[in-house]
Amino acid sequence: MNIAIIGTGYVGLVTGACFAEFGLHVTAVDTDEERIAQLAKGEVPIYEPQLGEMLRRNQQQGRIQYTTDTARAVKESLVVFIAVGTPSRDDGSADLHYVEEVARTVATNLNGYKVIVTKSTVPVGTGRSIQKMIREENGNGSQGVFDVASNPEFLREGSAIEDFLRP
């Protein structure tokens, strides 16, 4: 199965590495070209025990790749994880503009059934908002069959790999 992980921060990298470790084919996507180049060279920009070795091993075995081409990753994947930042606004609410940007990109690149999963920390109701946004952007066309799910973040820094592999 092909999975796209949109966002290569802490959550996205750990999620992608662990799914690759399970034997799935993962495309990790980010708009930061420097970060993608760094990852493609086997350099990991964050520290988490076992993460670097796991990413390098799965890259060598062809189970994880890195790109800035979100459209291609969406088209080639059955499952699309949204693992982008949701920084706090001045009033304390979550800034969802990165999540919404990914949802619009997914909508314009639906080429068959997809499962869109929010992994980012988002408020209640975001799944419905994403679903509505994708339907509106896609125009409910024949290529617009999809489901939206939520996979809340539960990883603890320093034990994230273990938490993911043995929840």
# chains A, B, ... in the order shown; residues from 1 in each chain; ligands from 1
>>> residues_around(residues="segment 41-50 of chain A", least_positions_apart="5", cutoff="8 Å", atoms="only C-alpha atoms", output="mmCIF file with C-alpha atoms, in the first residue's frame")
data_model
loop_
_atom_site.group_PDB
_atom_site.id
_atom_site.type_symbol
_atom_site.label_atom_id
_atom_site.label_comp_id
_atom_site.auth_asym_id
_atom_site.auth_seq_id
_atom_site.Cartn_x
_atom_site.Cartn_y
_atom_site.Cartn_z
ATOM 1 C CA GLY A 9 8.257 17.495 11.152
ATOM 2 C CA TYR A 10 8.442 15.376 14.262
ATOM 3 C CA ARG A 35 14.638 19.593 4.392
ATOM 4 C CA LEU A 55 14.626 6.128 8.079
ATOM 5 C CA ARG A 56 17.951 5.214 6.464
ATOM 6 C CA GLU A 157 9.127 12.685 22.636
ATOM 7 C CA GLY A 158 11.972 10.299 23.398
ATOM 8 C CA SER A 159 9.788 7.203 23.108
ATOM 9 C CA ALA A 160 7.797 8.013 19.950
ATOM 10 C CA ILE A 161 8.992 5.004 17.935
#
>>> residues_around(residues="segment 70-87 of chain A", least_positions_apart="4", cutoff="6 Å", atoms="only C-alpha atoms", output="number ranges by chain")
A: 2-7, 12, 94-96, 109, 114-120
>>> atom_distance(atom1="atom CA of His25 of chain A", atom2="atom CA of Asn138 of chain A")
26.1 Å
>>> select_by_dssp(residues="chain A", states="alpha helix (DSSP H)", output="PyMOL selection string")
chain A and resi 10-21+33-40+51-60+70-75+97-108+126-138+160-165
>>> select_by_dssp(residues="segment 58-125 of chain A", states="strand (DSSP E)", output="list in words")
Ile64, Gln65, Tyr66, Thr67, Val79, Val80, Phe81, Ile82, Lys114, Val115, Ile116, Val117 and Thr118 of chain A
>>> closest_residue(among="A:Glu153, A:Pro123, A:Thr108, A:Glu33", to="Glu136 of chain A", atoms="only C-alpha atoms")
A:Thr108
>>> residues_around(residues="Val145 of chain A", least_positions_apart="5", cutoff="9 Å", atoms="only C-alpha atoms", output="JSON, numbers by chain")
{"A": [110, 111, 112, 113, 114, 140]}
>>> atom_distance(atom1="atom CA of His97 of chain A", atom2="atom CA of Val11 of chain A")
17.7 Å
>>> residues_around(residues="Ala17 of chain A", least_positions_apart="6", cutoff="8 Å", atoms="only C-alpha atoms", output="ChimeraX atom specification")
/A:51,54-55,58,64
>>> write_last_selection(atoms="N, CA and C atoms", output="compact mmCIF listing (two decimals), in the first residue's frame")
# COMPACT_ATOMS: atom_id res chain seq x y z
N LEU A 51 15.17 6.79 15.19
CA LEU A 51 14.53 7.35 13.99
C LEU A 51 15.50 7.41 12.81
N MET A 54 16.15 3.97 11.38
CA MET A 54 14.94 3.44 10.77
C MET A 54 14.68 4.10 9.42
N LEU A 55 14.83 5.42 9.35
CA LEU A 55 14.63 6.13 8.08
C LEU A 55 15.64 5.69 7.04
N ASN A 58 14.92 2.06 5.80
CA ASN A 58 13.75 1.96 4.94
C ASN A 58 13.93 2.70 3.62
N ILE A 64 10.62 4.15 1.75
CA ILE A 64 10.32 5.55 2.03
C ILE A 64 11.10 6.42 1.06
>>> closest_residue(among="A:Glu53, A:Asp90, A:Leu165, A:Thr67", to="Ala28 of chain A", atoms="only C-alpha atoms")
A:Thr67
>>> closest_residue(among="A:Arg166, A:Thr15, A:Ile130, A:Tyr66", to="Glu34 of chain A", atoms="only C-alpha atoms")
A:Tyr66
